[in-house]
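Contents: one structure, followed by commentary.
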Amino acid sequence: MNNIFDIKETETVIQRIENLNPETKPKWGKMSVDQMLAHCNVAYEMVYEDKHPKPKGLKKMLVKLLIKPYVTSEKPYKKNGQTAPQFIVKDAKNFEVEKERLIGFLKKTQNLGEAHFENKESHSFGKLTTIEWNNLFYKHLDHHLNQFEV
């Protein structure tokens with residue numbers, strides 16, 4: 001798995017995002033490019049913003065047991081896979097705003113660095129290692145950037 005905490009990898013991912021435009025079409029799936037960018041921003045909103053409710057009780061336990069291994073492993077996502085409700089974006093979004101937000105989140109993550117994320121509590125999965133954080137961040141972005149052929 002590529003390392004999103006490596007400055008060269010972050011720059012590569014940012015360049016891939018910069019290669020998108022409002023008319024870029026997906027190879028698969030239902031999201032438009034602006035919706036995809038907003039969808040990718042949700043993962044970072046859960047780290048940096050307090051706008052999504054945290055799972056509690058039985059739901060939190062099930063998320064940790066069933067979803068965490070899928071999200072934090074190196075196994076690639078399948079096309080047209082199940083999406084958690086908070087990640088579903090149905091409305092049109094402002095392409096430029098969402099693109100700049102995502103690039104800003106990537107730069108913030110890069111600036112904070114790998115050490116910041118070691119054993120950092122995640123929104124839904126409890127404490128994660130830097131490897132798990134990397135897989136969570138990189139795998140999701142790579143999946144959707146491949147979806148839009150960049």
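Identifiers in this document derive from the order of the structure tokens: chains are assigned A, B, ..., residues are numbered from 1 separately in each chain, and ligands are numbered from 1 in order of occurrence.
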
Please extract the residues of chain A with a backbone DSSP assignment of strand (DSSP E or B) and present them as a short mmCIF file (atom, residue, chain, number, x, y, z; two decimals) with N, CA, C and O atoms, in the first residue's frame.
data_model
loop_
_atom_site.label_atom_id
_atom_site.label_comp_id
_atom_site.auth_asym_id
_atom_site.auth_seq_id
_atom_site.Cartn_x
_atom_site.Cartn_y
_atom_site.Cartn_z
N LYS A 120 -4.04 7.08 17.43
CA LYS A 120 -5.07 8.13 17.48
C LYS A 120 -6.45 7.46 17.38
O LYS A 120 -6.66 6.56 16.58
N GLU A 121 -7.34 7.95 18.19
CA GLU A 121 -8.72 7.45 18.20
C GLU A 121 -9.43 7.88 16.91
O GLU A 121 -9.39 9.05 16.53
N SER A 122 -10.05 6.92 16.24
CA SER A 122 -10.82 7.25 15.05
C SER A 122 -12.27 7.51 15.43
O SER A 122 -12.71 7.18 16.54
N GLY A 126 -12.15 3.11 17.06
CA GLY A 126 -11.25 3.08 18.20
C GLY A 126 -9.85 3.52 17.77
O GLY A 126 -9.67 4.15 16.73
N LYS A 127 -8.85 3.19 18.58
CA LYS A 127 -7.48 3.59 18.27
C LYS A 127 -6.96 2.78 17.07
O LYS A 127 -7.17 1.58 16.98
N LEU A 128 -6.27 3.51 16.18
CA LEU A 128 -5.69 2.89 14.99
C LEU A 128 -4.18 3.12 14.96
O LEU A 128 -3.70 4.13 15.47
#

Practice task
Do a neighbour search on Glu149 (chain A) at 9 Å with only C-alpha atoms, toss out local chain neighbours closer than 6 positions, and write the hits as a list of chain:residue names.
Solution key: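 Here the qualifying residues turn out to be A:Leu20, A:Thr24, A:Lys25, A:Pro26, A:Lys27.
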
Exercise for the section: Considering only C-alpha atoms, return as a list in words whatever protein or nucleic-acid residues lie within 12 Å of region 45-52 of chain A, sequence-local ones (same chain, fewer than 6 positions apart) excluded. Expected result: Ala38, His39, Ala84, Pro85, Gln86, Phe87, Glu98, Arg101, Leu102, Gly104, Phe105, Leu106, Lys108, Thr109, Leu112, His116, Phe117, Lys120, Glu121, Ser122, His123, Ser124, Phe125, Trp133, Leu136 and Phe137 of chain A

Got time to write the residues from that selection, N, CA and C atoms, as an mmCIF file, in the first residue's frame?
data_model
loop_
_atom_site.group_PDB
_atom_site.id
_atom_site.type_symbol
_atom_site.label_atom_id
_atom_site.label_comp_id
_atom_site.auth_asym_id
_atom_site.auth_seq_id
_atom_site.Cartn_x
_atom_site.Cartn_y
_atom_site.Cartn_z
ATOM 1 N N ALA A 38 -16.784 15.253 -2.497
ATOM 2 C CA ALA A 38 -17.473 15.465 -1.216
ATOM 3 C C ALA A 38 -17.496 14.171 -0.407
ATOM 4 N N HIS A 39 -17.718 13.058 -1.084
ATOM 5 C CA HIS A 39 -17.718 11.736 -0.446
ATOM 6 C C HIS A 39 -16.350 11.451 0.179
ATOM 7 N N ALA A 84 -21.363 3.433 3.672
ATOM 8 C CA ALA A 84 -21.995 3.824 4.934
ATOM 9 C C ALA A 84 -22.879 5.044 4.697
ATOM 10 N N PRO A 85 -24.007 5.140 5.389
ATOM 11 C CA PRO A 85 -24.958 6.236 5.140
ATOM 12 C C PRO A 85 -24.355 7.636 5.197
ATOM 13 N N GLN A 86 -23.438 7.890 6.141
ATOM 14 C CA GLN A 86 -22.874 9.239 6.256
ATOM 15 C C GLN A 86 -21.961 9.595 5.080
ATOM 16 N N PHE A 87 -21.577 8.607 4.273
ATOM 17 C CA PHE A 87 -20.725 8.847 3.112
ATOM 18 C C PHE A 87 -21.526 9.046 1.826
ATOM 19 N N GLU A 98 -15.111 21.487 -3.132
ATOM 20 C CA GLU A 98 -14.826 20.136 -2.644
ATOM 21 C C GLU A 98 -13.398 19.714 -2.979
ATOM 22 N N ARG A 101 -11.110 21.572 -0.569
ATOM 23 C CA ARG A 101 -11.232 20.997 0.775
ATOM 24 C C ARG A 101 -10.421 19.712 0.879
ATOM 25 N N LEU A 102 -10.531 18.838 -0.122
ATOM 26 C CA LEU A 102 -9.818 17.567 -0.087
ATOM 27 C C LEU A 102 -8.313 17.783 -0.117
ATOM 28 N N GLY A 104 -6.781 20.419 0.929
ATOM 29 C CA GLY A 104 -6.458 20.982 2.244
ATOM 30 C C GLY A 104 -6.359 19.902 3.317
ATOM 31 N N PHE A 105 -7.276 18.958 3.291
ATOM 32 C CA PHE A 105 -7.227 17.853 4.261
ATOM 33 C C PHE A 105 -5.966 17.015 4.059
ATOM 34 N N LEU A 106 -5.601 16.767 2.820
ATOM 35 C CA LEU A 106 -4.378 15.994 2.546
ATOM 36 C C LEU A 106 -3.144 16.728 3.062
ATOM 37 N N LYS A 108 -3.052 18.992 5.446
ATOM 38 C CA LYS A 108 -3.098 19.010 6.908
ATOM 39 C C LYS A 108 -2.615 17.678 7.470
ATOM 40 N N THR A 109 -3.060 16.588 6.884
ATOM 41 C CA THR A 109 -2.643 15.252 7.317
ATOM 42 C C THR A 109 -1.135 15.102 7.145
ATOM 43 N N LEU A 112 0.688 17.211 9.834
ATOM 44 C CA LEU A 112 0.618 16.595 11.162
ATOM 45 C C LEU A 112 1.558 15.401 11.254
ATOM 46 N N HIS A 116 1.604 11.711 14.588
ATOM 47 C CA HIS A 116 0.353 12.253 15.119
ATOM 48 C C HIS A 116 -0.762 11.204 15.114
ATOM 49 N N PHE A 117 -0.722 10.304 14.148
ATOM 50 C CA PHE A 117 -1.807 9.343 13.976
ATOM 51 C C PHE A 117 -1.583 8.021 14.702
ATOM 52 N N LYS A 120 -4.038 7.078 17.433
ATOM 53 C CA LYS A 120 -5.066 8.127 17.478
ATOM 54 C C LYS A 120 -6.446 7.465 17.378
ATOM 55 N N GLU A 121 -7.342 7.946 18.188
ATOM 56 C CA GLU A 121 -8.720 7.451 18.198
ATOM 57 C C GLU A 121 -9.426 7.878 16.911
ATOM 58 N N SER A 122 -10.047 6.924 16.243
ATOM 59 C CA SER A 122 -10.821 7.248 15.049
ATOM 60 C C SER A 122 -12.274 7.507 15.427
ATOM 61 N N HIS A 123 -12.997 8.062 14.522
ATOM 62 C CA HIS A 123 -14.402 8.384 14.721
ATOM 63 C C HIS A 123 -15.225 7.137 15.040
ATOM 64 N N SER A 124 -14.941 6.035 14.363
ATOM 65 C CA SER A 124 -15.790 4.848 14.455
ATOM 66 C C SER A 124 -15.094 3.576 14.912
ATOM 67 N N PHE A 125 -13.760 3.512 14.800
ATOM 68 C CA PHE A 125 -13.060 2.236 14.957
ATOM 69 C C PHE A 125 -12.183 2.124 16.196
ATOM 70 N N TRP A 133 -4.364 3.860 9.693
ATOM 71 C CA TRP A 133 -4.771 5.192 9.215
ATOM 72 C C TRP A 133 -4.374 5.369 7.746
ATOM 73 N N LEU A 136 -6.721 3.364 5.561
ATOM 74 C CA LEU A 136 -8.024 4.016 5.550
ATOM 75 C C LEU A 136 -8.016 5.203 4.590
ATOM 76 N N PHE A 137 -7.008 6.072 4.727
ATOM 77 C CA PHE A 137 -6.936 7.268 3.881
ATOM 78 C C PHE A 137 -6.597 6.925 2.433
#

Problem - 12 Å contact set for Asn146 (chain A), only C-alpha atoms, chain neighbours under 3 positions out, as a list in words - result: Val13, Arg16, Ile17, Asn19, Leu20, Thr24, Lys25, Pro26, Lys27, Trp28, Gly29, Val33, Met36, Pro76, Tyr77, Lys78, Lys79, Tyr138, Lys139, His140, Leu141, Asp142, His143, Glu149 and Val150 of chain A

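Minimum distance to Pro22 (chain A) across A:Asn2, A:Asn41, A:Asn111, A:Gln35 (counting only C-alpha atoms) occurs at A:Gln35.
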
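Excluding Glu132 (chain A) itself and same-chain residues fewer than 5 positions from it, the residues having an atom within 9 Å of it are A:Val71, A:Thr72, A:Ser73, A:Glu74, A:Phe137, counting only C-alpha atoms.
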
Those selected residues, please, written with C-alpha atoms and delivered as a PDB file, in the first residue's frame.
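As written to disk, again29.pdb reads:
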ATOM      1  CA  VAL A  71     -11.593  -0.388   5.816  1.00  0.00           C
ATOM      2  CA  THR A  72      -8.138  -0.570   7.428  1.00  0.00           C
ATOM      3  CA  SER A  73      -6.699  -3.569   5.558  1.00  0.00           C
ATOM      4  CA  GLU A  74      -4.712  -3.445   2.331  1.00  0.00           C
ATOM      5  CA  PHE A 137      -6.936   7.268   3.881  1.00  0.00           C
TER       6      PHE A 137
END

Extract the full set of alpha helix (DSSP H) residues from chain A according to DSSP on the backbone, and format it as a CSV table (one decimal) with N, CA, C and O atoms, in the first residue's frame.
chain,number,residue,atom,x,y,z
A,7,ILE,N,5.6,12.5,1.7
A,7,ILE,CA,5.3,13.8,1.0
A,7,ILE,C,5.2,13.5,-0.5
A,7,ILE,O,4.4,14.1,-1.1
A,8,LYS,N,6.0,12.7,-1.1
A,8,LYS,CA,6.0,12.4,-2.5
A,8,LYS,C,4.6,11.8,-2.9
A,8,LYS,O,4.1,12.1,-3.9
A,9,GLU,N,4.2,10.9,-2.0
A,9,GLU,CA,2.9,10.2,-2.3
A,9,GLU,C,1.7,11.2,-2.2
A,9,GLU,O,0.8,11.2,-3.0
A,10,THR,N,1.8,12.1,-1.2
A,10,THR,CA,0.8,13.1,-1.0
A,10,THR,C,0.7,14.0,-2.2
A,10,THR,O,-0.3,14.3,-2.8
A,11,GLU,N,1.9,14.4,-2.7
A,11,GLU,CA,2.0,15.2,-3.9
A,11,GLU,C,1.4,14.5,-5.1
A,11,GLU,O,0.7,15.1,-6.0
A,12,THR,N,1.7,13.2,-5.2
A,12,THR,CA,1.1,12.4,-6.4
A,12,THR,C,-0.4,12.4,-6.3
A,12,THR,O,-1.1,12.6,-7.3
A,13,VAL,N,-0.9,12.2,-5.1
A,13,VAL,CA,-2.4,12.1,-4.9
A,13,VAL,C,-3.0,13.5,-5.2
A,13,VAL,O,-4.0,13.6,-5.9
A,14,ILE,N,-2.4,14.5,-4.8
A,14,ILE,CA,-2.9,15.9,-5.1
A,14,ILE,C,-2.9,16.2,-6.6
A,14,ILE,O,-3.8,16.7,-7.1
A,15,GLN,N,-1.8,15.7,-7.2
A,15,GLN,CA,-1.8,15.9,-8.7
A,15,GLN,C,-2.9,15.1,-9.4
A,15,GLN,O,-3.5,15.6,-10.3
A,16,ARG,N,-3.2,14.0,-8.9
A,16,ARG,CA,-4.3,13.2,-9.5
A,16,ARG,C,-5.6,13.9,-9.3
A,16,ARG,O,-6.4,14.0,-10.2
A,17,ILE,N,-5.8,14.5,-8.1
A,17,ILE,CA,-7.0,15.3,-7.9
A,17,ILE,C,-7.0,16.5,-8.8
A,17,ILE,O,-8.1,16.9,-9.3
A,18,GLU,N,-5.9,17.2,-9.0
A,18,GLU,CA,-5.8,18.4,-9.8
A,18,GLU,C,-6.1,18.0,-11.3
A,18,GLU,O,-6.6,18.9,-12.1
A,33,VAL,N,-18.4,13.6,-10.3
A,33,VAL,CA,-17.0,14.0,-9.8
A,33,VAL,C,-17.1,14.9,-8.6
A,33,VAL,O,-16.4,14.7,-7.6
A,34,ASP,N,-18.1,15.8,-8.6
A,34,ASP,CA,-18.2,16.7,-7.4
A,34,ASP,C,-18.7,16.0,-6.2
A,34,ASP,O,-18.3,16.2,-5.1
A,35,GLN,N,-19.6,15.0,-6.4
A,35,GLN,CA,-20.1,14.2,-5.3
A,35,GLN,C,-19.0,13.3,-4.8
A,35,GLN,O,-18.9,13.0,-3.6
A,36,MET,N,-18.2,12.7,-5.7
A,36,MET,CA,-17.1,11.9,-5.3
A,36,MET,C,-16.1,12.6,-4.4
A,36,MET,O,-15.7,12.1,-3.3
A,37,LEU,N,-15.8,13.9,-4.7
A,37,LEU,CA,-14.9,14.7,-3.9
A,37,LEU,C,-15.5,14.9,-2.5
A,37,LEU,O,-14.8,14.8,-1.5
A,38,ALA,N,-16.8,15.3,-2.5
A,38,ALA,CA,-17.5,15.5,-1.2
A,38,ALA,C,-17.5,14.2,-0.4
A,38,ALA,O,-17.3,14.2,0.8
A,39,HIS,N,-17.7,13.1,-1.1
A,39,HIS,CA,-17.7,11.7,-0.4
A,39,HIS,C,-16.4,11.5,0.2
A,39,HIS,O,-16.3,11.0,1.3
A,40,CYS,N,-15.3,11.7,-0.5
A,40,CYS,CA,-13.9,11.5,0.0
A,40,CYS,C,-13.6,12.4,1.2
A,40,CYS,O,-12.9,12.1,2.1
A,41,ASN,N,-14.2,13.6,1.2
A,41,ASN,CA,-14.0,14.6,2.3
A,41,ASN,C,-14.6,14.1,3.6
A,41,ASN,O,-14.1,14.4,4.6
A,42,VAL,N,-15.6,13.2,3.5
A,42,VAL,CA,-16.2,12.7,4.7
A,42,VAL,C,-15.2,12.0,5.6
A,42,VAL,O,-15.2,12.2,6.9
A,43,ALA,N,-14.3,11.2,5.1
A,43,ALA,CA,-13.3,10.5,5.9
A,43,ALA,C,-12.5,11.5,6.7
A,43,ALA,O,-12.2,11.3,7.9
A,44,TYR,N,-12.2,12.6,6.1
A,44,TYR,CA,-11.3,13.6,6.8
A,44,TYR,C,-12.2,14.5,7.7
A,44,TYR,O,-11.7,14.9,8.7
A,45,GLU,N,-13.5,14.7,7.4
A,45,GLU,CA,-14.4,15.4,8.3
A,45,GLU,C,-14.5,14.7,9.6
A,45,GLU,O,-14.5,15.3,10.7
A,46,MET,N,-14.5,13.3,9.5
A,46,MET,CA,-14.6,12.5,10.7
A,46,MET,C,-13.3,12.6,11.6
A,46,MET,O,-13.4,12.3,12.8
A,47,VAL,N,-12.2,13.1,11.0
A,47,VAL,CA,-11.0,13.2,11.8
A,47,VAL,C,-10.9,14.7,12.3
A,47,VAL,O,-10.5,14.9,13.4
A,48,TYR,N,-11.2,15.6,11.4
A,48,TYR,CA,-10.9,17.0,11.7
A,48,TYR,C,-12.1,17.9,12.1
A,48,TYR,O,-11.9,19.0,12.5
A,57,GLY,N,-22.7,2.1,21.5
A,57,GLY,CA,-23.2,0.8,21.9
A,57,GLY,C,-23.0,-0.3,20.9
A,57,GLY,O,-21.9,-0.5,20.4
A,58,LEU,N,-24.1,-1.1,20.7
A,58,LEU,CA,-24.0,-2.2,19.8
A,58,LEU,C,-23.5,-1.9,18.4
A,58,LEU,O,-22.7,-2.6,17.8
A,59,LYS,N,-24.0,-0.8,17.9
A,59,LYS,CA,-23.6,-0.3,16.5
A,59,LYS,C,-22.1,-0.1,16.5
A,59,LYS,O,-21.4,-0.5,15.5
A,60,LYS,N,-21.5,0.5,17.5
A,60,LYS,CA,-20.1,0.8,17.5
A,60,LYS,C,-19.3,-0.5,17.6
A,60,LYS,O,-18.3,-0.7,16.9
A,61,MET,N,-19.8,-1.5,18.4
A,61,MET,CA,-19.1,-2.8,18.4
A,61,MET,C,-19.2,-3.5,17.1
A,61,MET,O,-18.2,-4.1,16.6
A,62,LEU,N,-20.3,-3.5,16.4
A,62,LEU,CA,-20.5,-4.1,15.1
A,62,LEU,C,-19.6,-3.4,14.1
A,62,LEU,O,-18.9,-4.1,13.2
A,68,LYS,N,-14.3,-2.3,10.4
A,68,LYS,CA,-12.9,-1.9,10.6
A,68,LYS,C,-11.9,-2.7,9.8
A,68,LYS,O,-11.0,-2.2,9.1
A,69,PRO,N,-12.0,-4.1,9.9
A,69,PRO,CA,-11.0,-4.9,9.1
A,69,PRO,C,-11.0,-4.6,7.6
A,69,PRO,O,-10.0,-4.6,7.0
A,70,TYR,N,-12.2,-4.4,7.1
A,70,TYR,CA,-12.4,-4.1,5.7
A,70,TYR,C,-11.8,-2.8,5.3
A,70,TYR,O,-11.1,-2.6,4.3
A,71,VAL,N,-12.0,-1.8,6.1
A,71,VAL,CA,-11.6,-0.4,5.8
A,71,VAL,C,-10.1,-0.2,6.1
A,71,VAL,O,-9.4,0.6,5.3
A,72,THR,N,-9.5,-0.8,7.1
A,72,THR,CA,-8.1,-0.6,7.4
A,72,THR,C,-7.1,-1.6,6.9
A,72,THR,O,-5.9,-1.5,7.1
A,95,PHE,N,-17.8,21.8,-7.3
A,95,PHE,CA,-16.6,21.0,-7.6
A,95,PHE,C,-15.3,21.7,-7.0
A,95,PHE,O,-14.5,21.0,-6.4
A,96,GLU,N,-15.1,22.9,-7.3
A,96,GLU,CA,-13.9,23.6,-6.8
A,96,GLU,C,-13.8,23.6,-5.3
A,96,GLU,O,-12.7,23.4,-4.8
A,97,VAL,N,-14.9,23.9,-4.6
A,97,VAL,CA,-14.9,23.9,-3.2
A,97,VAL,C,-14.5,22.5,-2.6
A,97,VAL,O,-13.6,22.4,-1.7
A,98,GLU,N,-15.1,21.5,-3.1
A,98,GLU,CA,-14.8,20.1,-2.6
A,98,GLU,C,-13.4,19.7,-3.0
A,98,GLU,O,-12.7,19.1,-2.2
A,99,LYS,N,-12.9,20.1,-4.1
A,99,LYS,CA,-11.5,19.8,-4.5
A,99,LYS,C,-10.6,20.4,-3.6
A,99,LYS,O,-9.6,19.8,-3.1
A,100,GLU,N,-10.8,21.7,-3.3
A,100,GLU,CA,-9.8,22.5,-2.5
A,100,GLU,C,-9.9,21.9,-1.0
A,100,GLU,O,-8.9,21.9,-0.3
A,101,ARG,N,-11.1,21.6,-0.6
A,101,ARG,CA,-11.2,21.0,0.8
A,101,ARG,C,-10.4,19.7,0.9
A,101,ARG,O,-9.7,19.5,1.8
A,102,LEU,N,-10.5,18.8,-0.1
A,102,LEU,CA,-9.8,17.6,-0.1
A,102,LEU,C,-8.3,17.8,-0.1
A,102,LEU,O,-7.6,17.2,0.7
A,103,ILE,N,-7.9,18.7,-1.0
A,103,ILE,CA,-6.4,19.0,-1.0
A,103,ILE,C,-6.0,19.6,0.3
A,103,ILE,O,-4.9,19.2,0.9
A,104,GLY,N,-6.8,20.4,0.9
A,104,GLY,CA,-6.5,21.0,2.2
A,104,GLY,C,-6.4,19.9,3.3
A,104,GLY,O,-5.4,19.9,4.1
A,105,PHE,N,-7.3,19.0,3.3
A,105,PHE,CA,-7.2,17.9,4.3
A,105,PHE,C,-6.0,17.0,4.1
A,105,PHE,O,-5.3,16.6,5.0
A,106,LEU,N,-5.6,16.8,2.8
A,106,LEU,CA,-4.4,16.0,2.5
A,106,LEU,C,-3.1,16.7,3.1
A,106,LEU,O,-2.3,16.1,3.7
A,107,LYS,N,-3.1,18.0,2.8
A,107,LYS,CA,-1.9,18.8,3.3
A,107,LYS,C,-1.9,18.9,4.8
A,107,LYS,O,-0.8,18.8,5.4
A,108,LYS,N,-3.1,19.0,5.4
A,108,LYS,CA,-3.1,19.0,6.9
A,108,LYS,C,-2.6,17.7,7.5
A,108,LYS,O,-1.8,17.6,8.4
A,109,THR,N,-3.1,16.6,6.9
A,109,THR,CA,-2.6,15.3,7.3
A,109,THR,C,-1.1,15.1,7.1
A,109,THR,O,-0.4,14.6,8.0
A,110,GLN,N,-0.6,15.6,6.0
A,110,GLN,CA,0.8,15.5,5.7
A,110,GLN,C,1.6,16.3,6.8
A,110,GLN,O,2.6,15.9,7.3
A,111,ASN,N,1.1,17.5,7.1
A,111,ASN,CA,1.8,18.4,8.0
A,111,ASN,C,1.8,17.8,9.4
A,111,ASN,O,2.8,18.0,10.2
A,112,LEU,N,0.7,17.2,9.8
A,112,LEU,CA,0.6,16.6,11.2
A,112,LEU,C,1.6,15.4,11.3
A,112,LEU,O,2.2,15.2,12.3
A,114,GLU,N,2.9,11.2,10.4
A,114,GLU,CA,2.6,9.9,10.8
A,114,GLU,C,2.5,9.7,12.3
A,114,GLU,O,1.6,9.1,12.8
A,115,ALA,N,3.5,10.3,13.0
A,115,ALA,CA,3.5,10.2,14.5
A,115,ALA,C,2.2,10.7,15.1
A,115,ALA,O,1.7,10.1,16.1
A,116,HIS,N,1.6,11.7,14.6
A,116,HIS,CA,0.4,12.3,15.1
A,116,HIS,C,-0.8,11.2,15.1
A,116,HIS,O,-1.6,11.2,16.0
A,117,PHE,N,-0.7,10.3,14.1
A,117,PHE,CA,-1.8,9.3,14.0
A,117,PHE,C,-1.6,8.0,14.7
A,117,PHE,O,-2.5,7.2,14.8
A,130,THR,N,-0.7,3.8,12.7
A,130,THR,CA,-0.4,4.6,11.5
A,130,THR,C,-0.6,3.8,10.2
A,130,THR,O,-1.1,4.4,9.2
A,131,ILE,N,-0.4,2.5,10.3
A,131,ILE,CA,-0.6,1.7,9.1
A,131,ILE,C,-2.1,1.6,8.8
A,131,ILE,O,-2.5,1.8,7.6
A,132,GLU,N,-2.9,1.4,9.8
A,132,GLU,CA,-4.4,1.4,9.6
A,132,GLU,C,-4.9,2.8,9.1
A,132,GLU,O,-5.7,2.8,8.2
A,133,TRP,N,-4.4,3.9,9.7
A,133,TRP,CA,-4.8,5.2,9.2
A,133,TRP,C,-4.4,5.4,7.7
A,133,TRP,O,-5.2,5.9,6.9
A,134,ASN,N,-3.2,5.0,7.4
A,134,ASN,CA,-2.7,5.1,6.0
A,134,ASN,C,-3.6,4.3,5.1
A,134,ASN,O,-4.1,4.8,4.1
A,135,ASN,N,-3.9,3.1,5.5
A,135,ASN,CA,-4.8,2.3,4.6
A,135,ASN,C,-6.2,2.9,4.5
A,135,ASN,O,-6.7,2.9,3.4
A,136,LEU,N,-6.7,3.4,5.6
A,136,LEU,CA,-8.0,4.0,5.6
A,136,LEU,C,-8.0,5.2,4.6
A,136,LEU,O,-8.9,5.3,3.7
A,137,PHE,N,-7.0,6.1,4.7
A,137,PHE,CA,-6.9,7.3,3.9
A,137,PHE,C,-6.6,6.9,2.4
A,137,PHE,O,-7.3,7.3,1.5
A,138,TYR,N,-5.5,6.2,2.2
A,138,TYR,CA,-5.0,6.0,0.9
A,138,TYR,C,-5.9,5.1,0.0
A,138,TYR,O,-6.2,5.4,-1.1
A,139,LYS,N,-6.3,4.0,0.6
A,139,LYS,CA,-7.1,3.1,-0.2
A,139,LYS,C,-8.4,3.7,-0.7
A,139,LYS,O,-8.8,3.5,-1.8
A,140,HIS,N,-9.1,4.5,0.2
A,140,HIS,CA,-10.3,5.1,-0.2
A,140,HIS,C,-10.1,6.1,-1.4
A,140,HIS,O,-10.8,6.1,-2.4
A,141,LEU,N,-9.1,7.0,-1.2
A,141,LEU,CA,-8.8,8.0,-2.2
A,141,LEU,C,-8.4,7.3,-3.5
A,141,LEU,O,-8.9,7.6,-4.6
A,142,ASP,N,-7.5,6.3,-3.4
A,142,ASP,CA,-7.0,5.6,-4.7
A,142,ASP,C,-8.2,4.9,-5.4
A,142,ASP,O,-8.3,5.0,-6.6
A,143,HIS,N,-9.1,4.3,-4.6
A,143,HIS,CA,-10.3,3.7,-5.2
A,143,HIS,C,-11.1,4.7,-6.0
A,143,HIS,O,-11.4,4.4,-7.2
A,144,HIS,N,-11.4,5.8,-5.5
A,144,HIS,CA,-12.2,6.8,-6.2
A,144,HIS,C,-11.5,7.6,-7.3
A,144,HIS,O,-12.1,7.9,-8.3
A,145,LEU,N,-10.2,7.8,-7.1
A,145,LEU,CA,-9.4,8.4,-8.2
A,145,LEU,C,-9.3,7.5,-9.4
A,145,LEU,O,-9.4,7.9,-10.5
A,146,ASN,N,-9.2,6.2,-9.1
A,146,ASN,CA,-9.2,5.2,-10.2
A,146,ASN,C,-10.6,5.1,-10.8
A,146,ASN,O,-10.7,5.0,-12.1
A,147,GLN,N,-11.6,5.3,-10.0
A,147,GLN,CA,-13.0,5.3,-10.6
A,147,GLN,C,-13.1,6.4,-11.6
A,147,GLN,O,-13.8,6.2,-12.6

Handout entry: Coordinates-based distance that separates CA of Thr83 (chain A) from CA of Met31 (chain A) (Å, one decimal)
Key = 11.8 Å

Handout entry: Straight-line distance linking CA of Lys64 (chain A) with CA of Gly113 (chain A), stated in Å to one decimal
Key =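 Atom-to-atom, CA of Lys64 (chain A) and CA of Gly113 (chain A) are spaced 24.4 Å apart.
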
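Candidate residues A:Lys56, A:Met1, A:Glu118, A:Asn21 were compared for distance to Lys75 (chain A), and the nearest is A:Met1, using only C-alpha atoms.
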